[in-house]
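Asks: After the structure tokens below, expect a handful of questions from me.
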Amino acid sequence: MIGVFLLIVYLICSTDSYNYQEPEGLSDTDLVLSFLVHRHGDRTPVPQYMYLSDNPEVLDELVKPLGYGQLTENGMRTAYELGKFIRRRYGEHLSMRYNRSEIYIRSTDSTRAKMTALVAMSATYPPIGRSWREGIRWVPVPYTTLPLKIDFIMGMNCPTFSSHFEEVSNSLNPEMDIYSGVVERLSSILKRDLTRTPVKIYFAYDVFVSQTSMGLPVQESIQKMMPEIKEAADKAFNLLFGNETVIPMQAGLLLKEFFDVSSSAIAGKPTQKVRIYSAHDTNVYAFEAISRVVPRQGAPSYAAVFALELRRVRETGRYVVVPIYVKSPGEPVQYLQVKGCGGQLCDLQEFYDITSPYLLDVEEWKRRCNYQENLKFDPNGFE
């Protein structure tokens with residue numbers, strides 16, 4: 001249990017100096033729309049990286065009752081805290097009973113993301129009054145999903161990006177040279193040569209976090225290296241998912257949806273004020289990157305949140321965008337800055353001017369992705 005405690009303390013404390021205070025003038029605005037993307041809760045490891053565990057045989061036995069890449073009980077607890085955050089942050093815009101005109105929930109076609117949405121909404125909409133069935137204190141809240149093959153908005157079915165992912169994962173990337181020491185030491189401990197593919201230190205880190213959450217701490221030599229491993233993993237994650245060329249393919253349609261629903265809300269057309277997208281670390285990070293926020297937050301933790309809040313300044317009627325990040329449910333909200341924007345309350349038009357080069361429509365997305373209708377996709381292929 002000491003190993004679990006040390007890793008949790010590290011994950012909580014390994015944040016640079018961020019702005020946890022509300023930006024000046026935020027209290028003088030009204031929320032028009034929240035566009036929120038979150039990672040699913042704690043899960044079992046995905047099968048393709050199990051070999052990077054320091055104790056793969058024991059970990060495999062722990063995984064068997066649930067299966068690979070599935071939400072764990074810890075993941076359900078994390079998801080529940082996520083739902084409580086949504087209620088705290090946006091409760092004044094949500095009735096106590098589910099109302100489809102107020103909230104839109106979408107999930108990737110992944111069991112862990114869908115289960116996270118279900119559990120989170122059970123906290124956002126706790127049962128009140130007389131239950132619909134005696135002994136059941138739960139209210140079903142629906143979400144929307146599409147099969148991976150035709151879910152273009154979440155951007156996980158793009159062959160061009162898949163090629164980029166494979167190339168970076170299996171190359172000797174010079175930008176990882178600064179982390180050669182920790183890669184060599186970890187290779188020695190695991191008896192796996194990562195020095196020729198140093199980006200894979202992220203996959204090792206992902207397995208360590210997953211198995212620790214499941215109650216199987218990593219050995220002491222790895223525990224002591226976790227700050228260095230995390231730093232290297234963040235760099236590797238950025239190389240995989242923060243590349244300027246592939247960012248539009250990952251999140252260009254998602255950002256376009258933000259602008260589309262923002263336009264509807266400003267025009268007074270019926271649209272939900274709270275939009276929730278239950279997804280993966282790749283989605284959270286890509287949406288951060290395409291929104292041009294600084295500082296980038298590194299590989300997202302389980303149930304991490306990134307949201308763009310569209311707000312209206314009461315005195316002037318000006319519309320502004322406020323990016324927020326929550327590293328883990330229960331932690332303070334971080335207010336981020338859009339790079340190149342005049343303030344933390346970024347004028348909507350200015351935000352559009354900064355990010356519009358990355359926007360795509362479906363046909364352009366298909367062209368850049370080299371998307372073919374007859375392609376087959378594995379929903380567990382990433383993350």
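Ordering of the structure tokens sets the chain letters (A, B, ...), residue numbers begin anew at 1 in every chain, and ligands are numbered from 1 in the order given.
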From a DSSP pass on the backbone, collect the residues of stretch 112-331 of chain A flagged as alpha helix (DSSP H) and hand them back as a PyMOL selection string.
Replies: chain A and resi 112-124+159-169+180-190+201-213+220-241+247-266+281-290
Asks: Fewer than 4 positions away in the same chain doesn't count, so skip those; otherwise give me all residues within 9 Å of A:Met76, counting only C-alpha atoms, as a list in words.
Replies: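 Contacts, in chain order: Gly41, Asp42, Leu71, Thr72, Tyr80, Glu81, Met115, Thr116, Val119 and Ala120 of chain A.
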Asks: Take the residues from that selection and write them out as an mmCIF file, in the first residue's frame, keeping all heavy atoms.
Replies:
data_model
loop_
_atom_site.group_PDB
_atom_site.id
_atom_site.type_symbol
_atom_site.label_atom_id
_atom_site.label_comp_id
_atom_site.auth_asym_id
_atom_site.auth_seq_id
_atom_site.Cartn_x
_atom_site.Cartn_y
_atom_site.Cartn_z
ATOM 1 N N GLY A 41 -12.822 6.990 -16.289
ATOM 2 C CA GLY A 41 -12.230 6.677 -14.999
ATOM 3 C C GLY A 41 -11.167 5.591 -15.088
ATOM 4 O O GLY A 41 -10.878 5.056 -16.161
ATOM 5 N N ASP A 42 -10.585 5.245 -13.937
ATOM 6 C CA ASP A 42 -9.523 4.243 -13.863
ATOM 7 C C ASP A 42 -9.956 2.961 -14.580
ATOM 8 O O ASP A 42 -11.096 2.515 -14.438
ATOM 9 C CB ASP A 42 -9.199 3.892 -12.421
ATOM 10 C CG ASP A 42 -8.926 5.113 -11.548
ATOM 11 O OD1 ASP A 42 -9.642 6.117 -11.682
ATOM 12 O OD2 ASP A 42 -8.026 5.031 -10.707
ATOM 13 N N LEU A 71 -13.435 -0.411 -17.127
ATOM 14 C CA LEU A 71 -13.568 0.436 -15.952
ATOM 15 C C LEU A 71 -13.523 -0.429 -14.688
ATOM 16 O O LEU A 71 -14.175 -1.464 -14.613
ATOM 17 C CB LEU A 71 -14.889 1.196 -16.017
ATOM 18 C CG LEU A 71 -14.991 2.484 -15.192
ATOM 19 C CD1 LEU A 71 -14.084 3.561 -15.775
ATOM 20 C CD2 LEU A 71 -16.431 2.978 -15.139
ATOM 21 N N THR A 72 -12.741 -0.003 -13.708
ATOM 22 C CA THR A 72 -12.630 -0.723 -12.446
ATOM 23 C C THR A 72 -13.530 -0.079 -11.394
ATOM 24 O O THR A 72 -14.151 0.963 -11.640
ATOM 25 C CB THR A 72 -11.182 -0.694 -11.939
ATOM 26 O OG1 THR A 72 -10.808 0.677 -11.677
ATOM 27 C CG2 THR A 72 -10.221 -1.278 -12.974
ATOM 28 N N TYR A 80 -17.850 8.896 -10.503
ATOM 29 C CA TYR A 80 -18.887 9.472 -9.651
ATOM 30 C C TYR A 80 -18.471 10.864 -9.166
ATOM 31 O O TYR A 80 -19.292 11.802 -9.151
ATOM 32 C CB TYR A 80 -19.154 8.556 -8.457
ATOM 33 C CG TYR A 80 -20.422 8.863 -7.709
ATOM 34 C CD1 TYR A 80 -21.655 8.426 -8.192
ATOM 35 C CD2 TYR A 80 -20.405 9.605 -6.529
ATOM 36 C CE1 TYR A 80 -22.836 8.720 -7.508
ATOM 37 C CE2 TYR A 80 -21.573 9.900 -5.846
ATOM 38 C CZ TYR A 80 -22.780 9.446 -6.338
ATOM 39 O OH TYR A 80 -23.945 9.746 -5.662
ATOM 40 N N GLU A 81 -17.197 11.010 -8.803
ATOM 41 C CA GLU A 81 -16.693 12.323 -8.388
ATOM 42 C C GLU A 81 -16.727 13.307 -9.555
ATOM 43 O O GLU A 81 -16.972 14.500 -9.357
ATOM 44 C CB GLU A 81 -15.268 12.190 -7.836
ATOM 45 C CG GLU A 81 -15.181 11.434 -6.522
ATOM 46 C CD GLU A 81 -16.052 12.056 -5.428
ATOM 47 O OE1 GLU A 81 -15.999 13.300 -5.268
ATOM 48 O OE2 GLU A 81 -16.780 11.320 -4.750
ATOM 49 N N MET A 115 -19.458 3.518 -19.657
ATOM 50 C CA MET A 115 -19.714 3.273 -18.230
ATOM 51 C C MET A 115 -19.399 4.510 -17.401
ATOM 52 O O MET A 115 -20.107 4.833 -16.442
ATOM 53 C CB MET A 115 -18.903 2.079 -17.747
ATOM 54 C CG MET A 115 -19.408 0.737 -18.247
ATOM 55 S SD MET A 115 -18.399 -0.652 -17.659
ATOM 56 C CE MET A 115 -18.843 -0.664 -15.913
ATOM 57 N N THR A 116 -18.345 5.227 -17.775
ATOM 58 C CA THR A 116 -18.000 6.462 -17.066
ATOM 59 C C THR A 116 -19.124 7.478 -17.184
ATOM 60 O O THR A 116 -19.496 8.139 -16.204
ATOM 61 C CB THR A 116 -16.689 7.049 -17.617
ATOM 62 O OG1 THR A 116 -15.617 6.132 -17.367
ATOM 63 C CG2 THR A 116 -16.360 8.387 -16.959
ATOM 64 N N VAL A 119 -22.044 6.380 -14.856
ATOM 65 C CA VAL A 119 -21.775 6.591 -13.433
ATOM 66 C C VAL A 119 -21.726 8.080 -13.112
ATOM 67 O O VAL A 119 -22.275 8.532 -12.101
ATOM 68 C CB VAL A 119 -20.462 5.903 -13.011
ATOM 69 C CG1 VAL A 119 -20.145 6.210 -11.546
ATOM 70 C CG2 VAL A 119 -20.557 4.394 -13.212
ATOM 71 N N ALA A 120 -21.067 8.861 -13.978
ATOM 72 C CA ALA A 120 -20.969 10.307 -13.737
ATOM 73 C C ALA A 120 -22.355 10.943 -13.669
ATOM 74 O O ALA A 120 -22.642 11.761 -12.780
ATOM 75 C CB ALA A 120 -20.132 10.974 -14.826
#
Asks: Excluding stretch 258-266 of chain A and its own-chain neighbours fewer than 2 positions away, which residues fall within 9 Å of it when counting only C-alpha atoms? Please give them as JSON, numbers by chain.
Replies: {"A": [32, 33, 35, 253, 254, 255, 256, 268, 269, 270, 271, 272, 273, 308, 310, 319, 352]}
Asks: Let me make sure I understand: among A:Gly135, A:Gly298, A:Gly215, A:Pro47, which one has the smallest atom-to-atom distance to A:Lys235 if we use only C-alpha atoms?
Replies: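 The answer is A:Gly298, which sits nearest to A:Lys235.
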Asks: Can you tell me which residues surround A:Val320 at a distance of at most 8 Å, considering only C-alpha atoms, apart from same-chain residues fewer than 6 positions away, and format the answer as a PyMOL selection string?
Replies: chain A and resi 310-313+345-348
Asks: Just list as a PDB file with N, CA and C atoms, in the first residue's frame whatever in stretch 169-382 of chain A DSSP marks as strand (DSSP E or B).
Replies:
ATOM      1  N   VAL A 274     -25.013  22.689 -21.348  1.00  0.00           N
ATOM      2  CA  VAL A 274     -23.939  21.827 -20.856  1.00  0.00           C
ATOM      3  C   VAL A 274     -23.791  20.652 -21.818  1.00  0.00           C
ATOM      4  N   ARG A 275     -22.608  20.544 -22.423  1.00  0.00           N
ATOM      5  CA  ARG A 275     -22.329  19.454 -23.362  1.00  0.00           C
ATOM      6  C   ARG A 275     -21.149  18.649 -22.821  1.00  0.00           C
ATOM      7  N   ILE A 276     -21.354  17.349 -22.650  1.00  0.00           N
ATOM      8  CA  ILE A 276     -20.369  16.473 -22.042  1.00  0.00           C
ATOM      9  C   ILE A 276     -19.937  15.427 -23.063  1.00  0.00           C
ATOM     10  N   TYR A 277     -18.628  15.249 -23.224  1.00  0.00           N
ATOM     11  CA  TYR A 277     -18.084  14.246 -24.135  1.00  0.00           C
ATOM     12  C   TYR A 277     -17.210  13.296 -23.329  1.00  0.00           C
ATOM     13  N   SER A 278     -17.696  12.063 -23.142  1.00  0.00           N
ATOM     14  CA  SER A 278     -16.963  11.053 -22.386  1.00  0.00           C
ATOM     15  C   SER A 278     -16.013  10.348 -23.333  1.00  0.00           C
ATOM     16  N   ALA A 279     -14.714  10.476 -23.079  1.00  0.00           N
ATOM     17  CA  ALA A 279     -13.753  10.027 -24.081  1.00  0.00           C
ATOM     18  C   ALA A 279     -12.467   9.521 -23.431  1.00  0.00           C
ATOM     19  N   VAL A 293      -4.234  26.272 -25.828  1.00  0.00           N
ATOM     20  CA  VAL A 293      -4.084  26.700 -24.443  1.00  0.00           C
ATOM     21  C   VAL A 293      -2.672  26.440 -23.951  1.00  0.00           C
ATOM     22  N   VAL A 294      -2.240  27.281 -23.026  1.00  0.00           N
ATOM     23  CA  VAL A 294      -0.957  27.113 -22.356  1.00  0.00           C
ATOM     24  C   VAL A 294      -1.174  27.299 -20.851  1.00  0.00           C
ATOM     25  N   VAL A 305     -10.494  16.655 -16.894  1.00  0.00           N
ATOM     26  CA  VAL A 305     -11.493  17.457 -17.600  1.00  0.00           C
ATOM     27  C   VAL A 305     -10.820  18.627 -18.293  1.00  0.00           C
ATOM     28  N   PHE A 306     -11.161  18.834 -19.552  1.00  0.00           N
ATOM     29  CA  PHE A 306     -10.844  20.092 -20.226  1.00  0.00           C
ATOM     30  C   PHE A 306     -12.137  20.629 -20.817  1.00  0.00           C
ATOM     31  N   ALA A 307     -12.417  21.882 -20.556  1.00  0.00           N
ATOM     32  CA  ALA A 307     -13.666  22.473 -21.045  1.00  0.00           C
ATOM     33  C   ALA A 307     -13.418  23.871 -21.581  1.00  0.00           C
ATOM     34  N   LEU A 308     -14.181  24.198 -22.614  1.00  0.00           N
ATOM     35  CA  LEU A 308     -14.269  25.581 -23.084  1.00  0.00           C
ATOM     36  C   LEU A 308     -15.607  26.129 -22.612  1.00  0.00           C
ATOM     37  N   GLU A 309     -15.558  27.178 -21.817  1.00  0.00           N
ATOM     38  CA  GLU A 309     -16.786  27.823 -21.351  1.00  0.00           C
ATOM     39  C   GLU A 309     -17.010  29.091 -22.165  1.00  0.00           C
ATOM     40  N   LEU A 310     -18.138  29.139 -22.831  1.00  0.00           N
ATOM     41  CA  LEU A 310     -18.544  30.360 -23.533  1.00  0.00           C
ATOM     42  C   LEU A 310     -19.341  31.208 -22.556  1.00  0.00           C
ATOM     43  N   ARG A 311     -18.899  32.436 -22.335  1.00  0.00           N
ATOM     44  CA  ARG A 311     -19.545  33.317 -21.366  1.00  0.00           C
ATOM     45  C   ARG A 311     -19.866  34.673 -21.997  1.00  0.00           C
ATOM     46  N   ARG A 312     -20.865  35.325 -21.421  1.00  0.00           N
ATOM     47  CA  ARG A 312     -21.279  36.650 -21.903  1.00  0.00           C
ATOM     48  C   ARG A 312     -21.012  37.667 -20.805  1.00  0.00           C
ATOM     49  N   VAL A 313     -20.278  38.718 -21.149  1.00  0.00           N
ATOM     50  CA  VAL A 313     -19.999  39.795 -20.188  1.00  0.00           C
ATOM     51  C   VAL A 313     -21.267  40.625 -20.034  1.00  0.00           C
ATOM     52  N   TYR A 319     -18.948  38.319 -25.923  1.00  0.00           N
ATOM     53  CA  TYR A 319     -18.819  36.879 -25.675  1.00  0.00           C
ATOM     54  C   TYR A 319     -17.340  36.508 -25.561  1.00  0.00           C
ATOM     55  N   VAL A 320     -17.026  35.743 -24.525  1.00  0.00           N
ATOM     56  CA  VAL A 320     -15.641  35.355 -24.268  1.00  0.00           C
ATOM     57  C   VAL A 320     -15.564  33.847 -24.052  1.00  0.00           C
ATOM     58  N   VAL A 321     -14.375  33.297 -24.283  1.00  0.00           N
ATOM     59  CA  VAL A 321     -14.111  31.880 -24.068  1.00  0.00           C
ATOM     60  C   VAL A 321     -13.146  31.735 -22.896  1.00  0.00           C
ATOM     61  N   VAL A 322     -13.500  30.867 -21.955  1.00  0.00           N
ATOM     62  CA  VAL A 322     -12.662  30.615 -20.783  1.00  0.00           C
ATOM     63  C   VAL A 322     -12.302  29.130 -20.763  1.00  0.00           C
ATOM     64  N   PRO A 323     -11.022  28.783 -20.999  1.00  0.00           N
ATOM     65  CA  PRO A 323     -10.620  27.377 -20.941  1.00  0.00           C
ATOM     66  C   PRO A 323     -10.324  26.972 -19.487  1.00  0.00           C
ATOM     67  N   ILE A 324     -10.854  25.834 -19.068  1.00  0.00           N
ATOM     68  CA  ILE A 324     -10.574  25.334 -17.724  1.00  0.00           C
ATOM     69  C   ILE A 324     -10.069  23.902 -17.803  1.00  0.00           C
ATOM     70  N   TYR A 325      -9.325  23.520 -16.777  1.00  0.00           N
ATOM     71  CA  TYR A 325      -8.782  22.160 -16.695  1.00  0.00           C
ATOM     72  C   TYR A 325      -8.902  21.686 -15.257  1.00  0.00           C
ATOM     73  N   VAL A 326      -9.329  20.446 -15.109  1.00  0.00           N
ATOM     74  CA  VAL A 326      -9.366  19.806 -13.798  1.00  0.00           C
ATOM     75  C   VAL A 326      -8.561  18.519 -13.924  1.00  0.00           C
ATOM     76  N   GLN A 334      -8.317  24.728 -12.814  1.00  0.00           N
ATOM     77  CA  GLN A 334      -7.224  25.541 -13.325  1.00  0.00           C
ATOM     78  C   GLN A 334      -7.755  26.375 -14.495  1.00  0.00           C
ATOM     79  N   TYR A 335      -7.432  27.660 -14.486  1.00  0.00           N
ATOM     80  CA  TYR A 335      -7.841  28.543 -15.576  1.00  0.00           C
ATOM     81  C   TYR A 335      -6.644  28.734 -16.504  1.00  0.00           C
ATOM     82  N   GLN A 337      -4.738  29.781 -20.360  1.00  0.00           N
ATOM     83  CA  GLN A 337      -4.640  30.926 -21.250  1.00  0.00           C
ATOM     84  C   GLN A 337      -4.597  30.445 -22.692  1.00  0.00           C
ATOM     85  N   VAL A 338      -5.338  31.090 -23.573  1.00  0.00           N
ATOM     86  CA  VAL A 338      -5.229  30.801 -24.997  1.00  0.00           C
ATOM     87  C   VAL A 338      -4.020  31.555 -25.542  1.00  0.00           C
ATOM     88  N   CYS A 346     -10.938  35.187 -23.166  1.00  0.00           N
ATOM     89  CA  CYS A 346     -10.542  35.388 -24.566  1.00  0.00           C
ATOM     90  C   CYS A 346     -11.767  35.732 -25.403  1.00  0.00           C
ATOM     91  N   ASP A 347     -11.714  36.863 -26.066  1.00  0.00           N
ATOM     92  CA  ASP A 347     -12.816  37.275 -26.933  1.00  0.00           C
ATOM     93  C   ASP A 347     -13.126  36.159 -27.934  1.00  0.00           C
TER      94      ASP A 347
END
Asks: With distances taken over only C-alpha atoms, which residue among A:Gln223, A:Arg77, A:Gln250, A:Ala236 lies nearest A:Pro174?
Replies: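 Closest candidate: A:Ala236.
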Asks: Extract, using only C-alpha atoms, all DNA, RNA and protein residues at most 8 Å from A:Ser53, discarding same-chain residues fewer than 2 positions from it, and format them as a PyMOL selection string.
Replies: chain A and resi 49-51+55-56+59+190+204+207-208
Asks: Write the residues of the preceding selection, restricted to C-alpha atoms, as a compact mmCIF listing (two decimals), in the first residue's frame.
Replies:
# COMPACT_ATOMS: atom_id res chain seq x y z
CA TYR A 49 1.11 -2.80 -23.38
CA MET A 50 0.80 -5.47 -20.68
CA TYR A 51 4.34 -6.65 -21.46
CA ASN A 55 4.78 -7.86 -12.79
CA PRO A 56 2.78 -8.96 -15.85
CA LEU A 59 -1.38 -8.18 -13.26
CA LEU A 190 12.04 -4.21 -17.08
CA ALA A 204 5.01 1.83 -19.55
CA VAL A 207 0.56 0.47 -17.27
CA PHE A 208 2.19 1.50 -13.97
Asks: Looking at A:Leu31, A:Cys341, A:Val141, A:Ala303, which one is nearest to A:Thr78, with distances taken over only C-alpha atoms?
Replies: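 Closest to A:Thr78, using only C-alpha atoms: A:Ala303.
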Asks: Could you check the closest approach to A:Pro300 for each of A:Ile150, A:Leu94, A:Val37, A:Val333 and tell me which residue wins, using only C-alpha atoms?
Replies: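 Residue with the minimum atom-to-atom distance to A:Pro300: A:Val37.
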Asks: Quick one: of A:Glu61, A:Glu228, A:Asp281, A:Asp54, who's nearest to A:Ser187, counting only C-alpha atoms?
Replies: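 Ranked by minimum distance to A:Ser187, first place goes to A:Asp54.
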Asks: Name the closest residue to A:Ser122 among the candidates A:Tyr358, A:Trp138, A:Tyr90, A:Phe152; distances are taken between atoms, counting only C-alpha atoms.
Replies: A:Trp138
Asks: Show me, as a PyMOL selection string, the residues that have an atom within 12 Å of A:Leu359 when counting only C-alpha atoms, minus same-chain residues fewer than 2 positions from it.
Replies: chain A and resi 153+246-260+287+290-291+352-357+361-365
Asks: Can you write just those residues out, N, CA and C atoms, as a short mmCIF file (atom, residue, chain, number, x, y, z; two decimals), in the first residue's frame?
Replies:
data_model
loop_
_atom_site.label_atom_id
_atom_site.label_comp_id
_atom_site.auth_asym_id
_atom_site.auth_seq_id
_atom_site.Cartn_x
_atom_site.Cartn_y
_atom_site.Cartn_z
N ILE A 153 -16.21 12.88 -35.28
CA ILE A 153 -15.97 14.00 -34.35
C ILE A 153 -14.91 13.67 -33.32
N VAL A 246 -1.28 16.58 -37.16
CA VAL A 246 -2.38 15.64 -36.92
C VAL A 246 -3.43 16.18 -35.95
N ILE A 247 -3.15 17.28 -35.26
CA ILE A 247 -4.14 17.84 -34.33
C ILE A 247 -5.49 18.08 -35.01
N PRO A 248 -5.53 18.69 -36.21
CA PRO A 248 -6.85 18.90 -36.84
C PRO A 248 -7.60 17.60 -37.12
N MET A 249 -6.87 16.53 -37.42
CA MET A 249 -7.52 15.25 -37.68
C MET A 249 -8.09 14.63 -36.41
N GLN A 250 -7.48 14.95 -35.27
CA GLN A 250 -7.96 14.43 -34.00
C GLN A 250 -9.11 15.26 -33.44
N ALA A 251 -9.04 16.58 -33.60
CA ALA A 251 -10.01 17.42 -32.90
C ALA A 251 -10.57 18.56 -33.73
N GLY A 252 -10.28 18.60 -35.02
CA GLY A 252 -10.79 19.69 -35.86
C GLY A 252 -12.30 19.72 -35.95
N LEU A 253 -12.92 18.56 -36.03
CA LEU A 253 -14.38 18.50 -36.10
C LEU A 253 -15.01 18.77 -34.73
N LEU A 254 -14.32 18.37 -33.68
CA LEU A 254 -14.83 18.63 -32.33
C LEU A 254 -14.84 20.13 -32.05
N LEU A 255 -13.76 20.82 -32.42
CA LEU A 255 -13.73 22.27 -32.23
C LEU A 255 -14.76 22.95 -33.11
N LYS A 256 -14.95 22.46 -34.32
CA LYS A 256 -15.98 23.02 -35.19
C LYS A 256 -17.35 22.88 -34.54
N GLU A 257 -17.60 21.76 -33.86
CA GLU A 257 -18.87 21.59 -33.18
C GLU A 257 -19.04 22.62 -32.07
N PHE A 258 -17.93 22.93 -31.37
CA PHE A 258 -18.01 23.98 -30.35
C PHE A 258 -18.48 25.30 -30.97
N PHE A 259 -17.88 25.68 -32.08
CA PHE A 259 -18.27 26.95 -32.71
C PHE A 259 -19.70 26.89 -33.25
N ASP A 260 -20.11 25.74 -33.77
CA ASP A 260 -21.47 25.60 -34.30
C ASP A 260 -22.52 25.77 -33.20
N PHE A 287 -7.93 18.16 -27.77
CA PHE A 287 -8.83 19.31 -27.69
C PHE A 287 -8.13 20.48 -26.99
N ILE A 290 -5.62 21.84 -29.78
CA ILE A 290 -6.24 22.59 -30.86
C ILE A 290 -6.84 23.90 -30.37
N SER A 291 -7.12 23.99 -29.07
CA SER A 291 -7.63 25.23 -28.48
C SER A 291 -6.50 26.20 -28.16
N TYR A 352 -11.65 32.46 -32.26
CA TYR A 352 -11.91 31.87 -33.57
C TYR A 352 -10.77 32.17 -34.54
N ASP A 353 -10.31 33.40 -34.55
CA ASP A 353 -9.21 33.78 -35.46
C ASP A 353 -7.96 32.95 -35.18
N ILE A 354 -7.69 32.68 -33.90
CA ILE A 354 -6.50 31.92 -33.52
C ILE A 354 -6.61 30.45 -33.90
N THR A 355 -7.79 29.89 -33.75
CA THR A 355 -7.96 28.44 -33.92
C THR A 355 -8.55 28.02 -35.26
N SER A 356 -9.11 28.95 -36.02
CA SER A 356 -9.82 28.58 -37.25
C SER A 356 -8.96 27.85 -38.28
N PRO A 357 -7.63 28.07 -38.33
CA PRO A 357 -6.84 27.30 -39.30
C PRO A 357 -6.90 25.79 -39.07
N ASP A 361 -14.18 20.36 -41.97
CA ASP A 361 -15.50 19.75 -42.13
C ASP A 361 -15.29 18.26 -42.40
N VAL A 362 -16.36 17.51 -42.46
CA VAL A 362 -16.24 16.06 -42.56
C VAL A 362 -15.51 15.63 -43.83
N GLU A 363 -15.82 16.26 -44.95
CA GLU A 363 -15.19 15.85 -46.20
C GLU A 363 -13.70 16.13 -46.21
N GLU A 364 -13.30 17.28 -45.66
CA GLU A 364 -11.87 17.59 -45.59
C GLU A 364 -11.18 16.64 -44.61
N TRP A 365 -11.87 16.32 -43.51
CA TRP A 365 -11.32 15.36 -42.54
C TRP A 365 -11.08 14.01 -43.22
#
Asks: Which residues come within 10 Å of A:Ser171, counting only C-alpha atoms, excluding same-chain residues fewer than 2 positions away, as an MDAnalysis selection string?
Replies: chainID A and resid 166:169 173:174 195:200
Asks: May I have the selected residues written with all heavy atoms, as a compact mmCIF listing (two decimals), in the first residue's frame?
Replies:
# COMPACT_ATOMS: atom_id res chain seq x y z
N GLU A 166 1.98 5.02 -35.21
CA GLU A 166 2.89 3.88 -35.34
C GLU A 166 4.32 4.35 -35.60
O GLU A 166 5.29 3.81 -35.05
CB GLU A 166 2.42 2.95 -36.45
CG GLU A 166 1.15 2.19 -36.12
CD GLU A 166 1.31 1.31 -34.89
OE1 GLU A 166 2.38 0.68 -34.74
OE2 GLU A 166 0.37 1.28 -34.08
N GLU A 167 4.47 5.35 -36.46
CA GLU A 167 5.81 5.84 -36.79
C GLU A 167 6.51 6.43 -35.57
O GLU A 167 7.68 6.12 -35.29
CB GLU A 167 5.71 6.90 -37.90
CG GLU A 167 7.05 7.48 -38.31
CD GLU A 167 6.92 8.56 -39.36
OE1 GLU A 167 5.82 8.73 -39.91
OE2 GLU A 167 7.94 9.24 -39.61
N VAL A 168 5.80 7.28 -34.82
CA VAL A 168 6.40 7.91 -33.65
C VAL A 168 6.66 6.87 -32.56
O VAL A 168 7.70 6.91 -31.89
CB VAL A 168 5.50 9.05 -33.12
CG1 VAL A 168 6.05 9.62 -31.82
CG2 VAL A 168 5.38 10.15 -34.16
N SER A 169 5.73 5.94 -32.38
CA SER A 169 5.88 4.92 -31.33
C SER A 169 7.12 4.06 -31.56
O SER A 169 7.74 3.60 -30.59
CB SER A 169 4.65 4.01 -31.30
OG SER A 169 3.49 4.72 -30.97
N ASN A 173 13.24 8.92 -31.59
CA ASN A 173 12.94 10.34 -31.74
C ASN A 173 13.97 11.19 -31.00
O ASN A 173 14.13 11.05 -29.79
CB ASN A 173 11.53 10.63 -31.21
CG ASN A 173 11.00 11.94 -31.71
OD1 ASN A 173 11.58 12.98 -31.47
ND2 ASN A 173 9.88 11.89 -32.44
N PRO A 174 14.67 12.10 -31.70
CA PRO A 174 15.71 12.91 -31.05
C PRO A 174 15.19 13.80 -29.93
O PRO A 174 15.96 14.17 -29.04
CB PRO A 174 16.30 13.73 -32.21
CG PRO A 174 15.26 13.71 -33.28
CD PRO A 174 14.56 12.40 -33.14
N THR A 195 15.30 1.84 -25.48
CA THR A 195 16.18 2.92 -25.94
C THR A 195 16.03 3.20 -27.43
O THR A 195 16.29 4.31 -27.88
CB THR A 195 17.65 2.56 -25.64
OG1 THR A 195 18.00 1.34 -26.31
CG2 THR A 195 17.86 2.41 -24.14
N ARG A 196 15.58 2.21 -28.20
CA ARG A 196 15.38 2.42 -29.64
C ARG A 196 13.98 2.96 -29.95
O ARG A 196 13.73 3.44 -31.06
CB ARG A 196 15.60 1.10 -30.40
CG ARG A 196 17.02 0.57 -30.28
CD ARG A 196 17.19 -0.73 -31.05
NE ARG A 196 18.53 -1.27 -30.88
CZ ARG A 196 19.58 -0.90 -31.60
NH1 ARG A 196 19.43 0.01 -32.55
NH2 ARG A 196 20.76 -1.44 -31.39
N THR A 197 13.10 2.86 -28.98
CA THR A 197 11.73 3.38 -29.13
C THR A 197 11.34 4.11 -27.83
O THR A 197 10.42 3.69 -27.12
CB THR A 197 10.73 2.23 -29.40
OG1 THR A 197 10.85 1.25 -28.36
CG2 THR A 197 10.99 1.59 -30.74
N PRO A 198 12.03 5.20 -27.51
CA PRO A 198 11.86 5.84 -26.20
C PRO A 198 10.46 6.38 -25.93
O PRO A 198 10.08 6.54 -24.76
CB PRO A 198 12.89 6.97 -26.22
CG PRO A 198 13.14 7.24 -27.67
CD PRO A 198 13.02 5.91 -28.35
N VAL A 199 9.68 6.65 -26.99
CA VAL A 199 8.32 7.16 -26.78
C VAL A 199 7.48 6.13 -26.02
O VAL A 199 6.51 6.49 -25.33
CB VAL A 199 7.67 7.51 -28.14
CG1 VAL A 199 6.18 7.73 -28.00
CG2 VAL A 199 8.32 8.78 -28.69
N LYS A 200 7.86 4.86 -26.09
CA LYS A 200 7.10 3.82 -25.41
C LYS A 200 7.18 3.91 -23.89
O LYS A 200 6.51 3.17 -23.18
CB LYS A 200 7.54 2.44 -25.89
CG LYS A 200 7.08 2.15 -27.31
CD LYS A 200 7.45 0.75 -27.79
CE LYS A 200 6.92 0.51 -29.20
NZ LYS A 200 7.35 -0.79 -29.75
Asks: What is the distance between atom CA of A:Val218 and atom CA of A:Lys114, in Å to one decimal?
Replies: 28.8 Å
Asks: Between atom CA of A:Phe241 and atom CA of A:Cys158, what is the distance in Å, rounded to a tenth?
Replies: 12.7 Å
Asks: Between atom CA of A:Asp234 and atom CA of A:Glu184, measure the distance and give it in Å to one decimal.
Replies: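 Distance between the two atoms: 17.1 Å.
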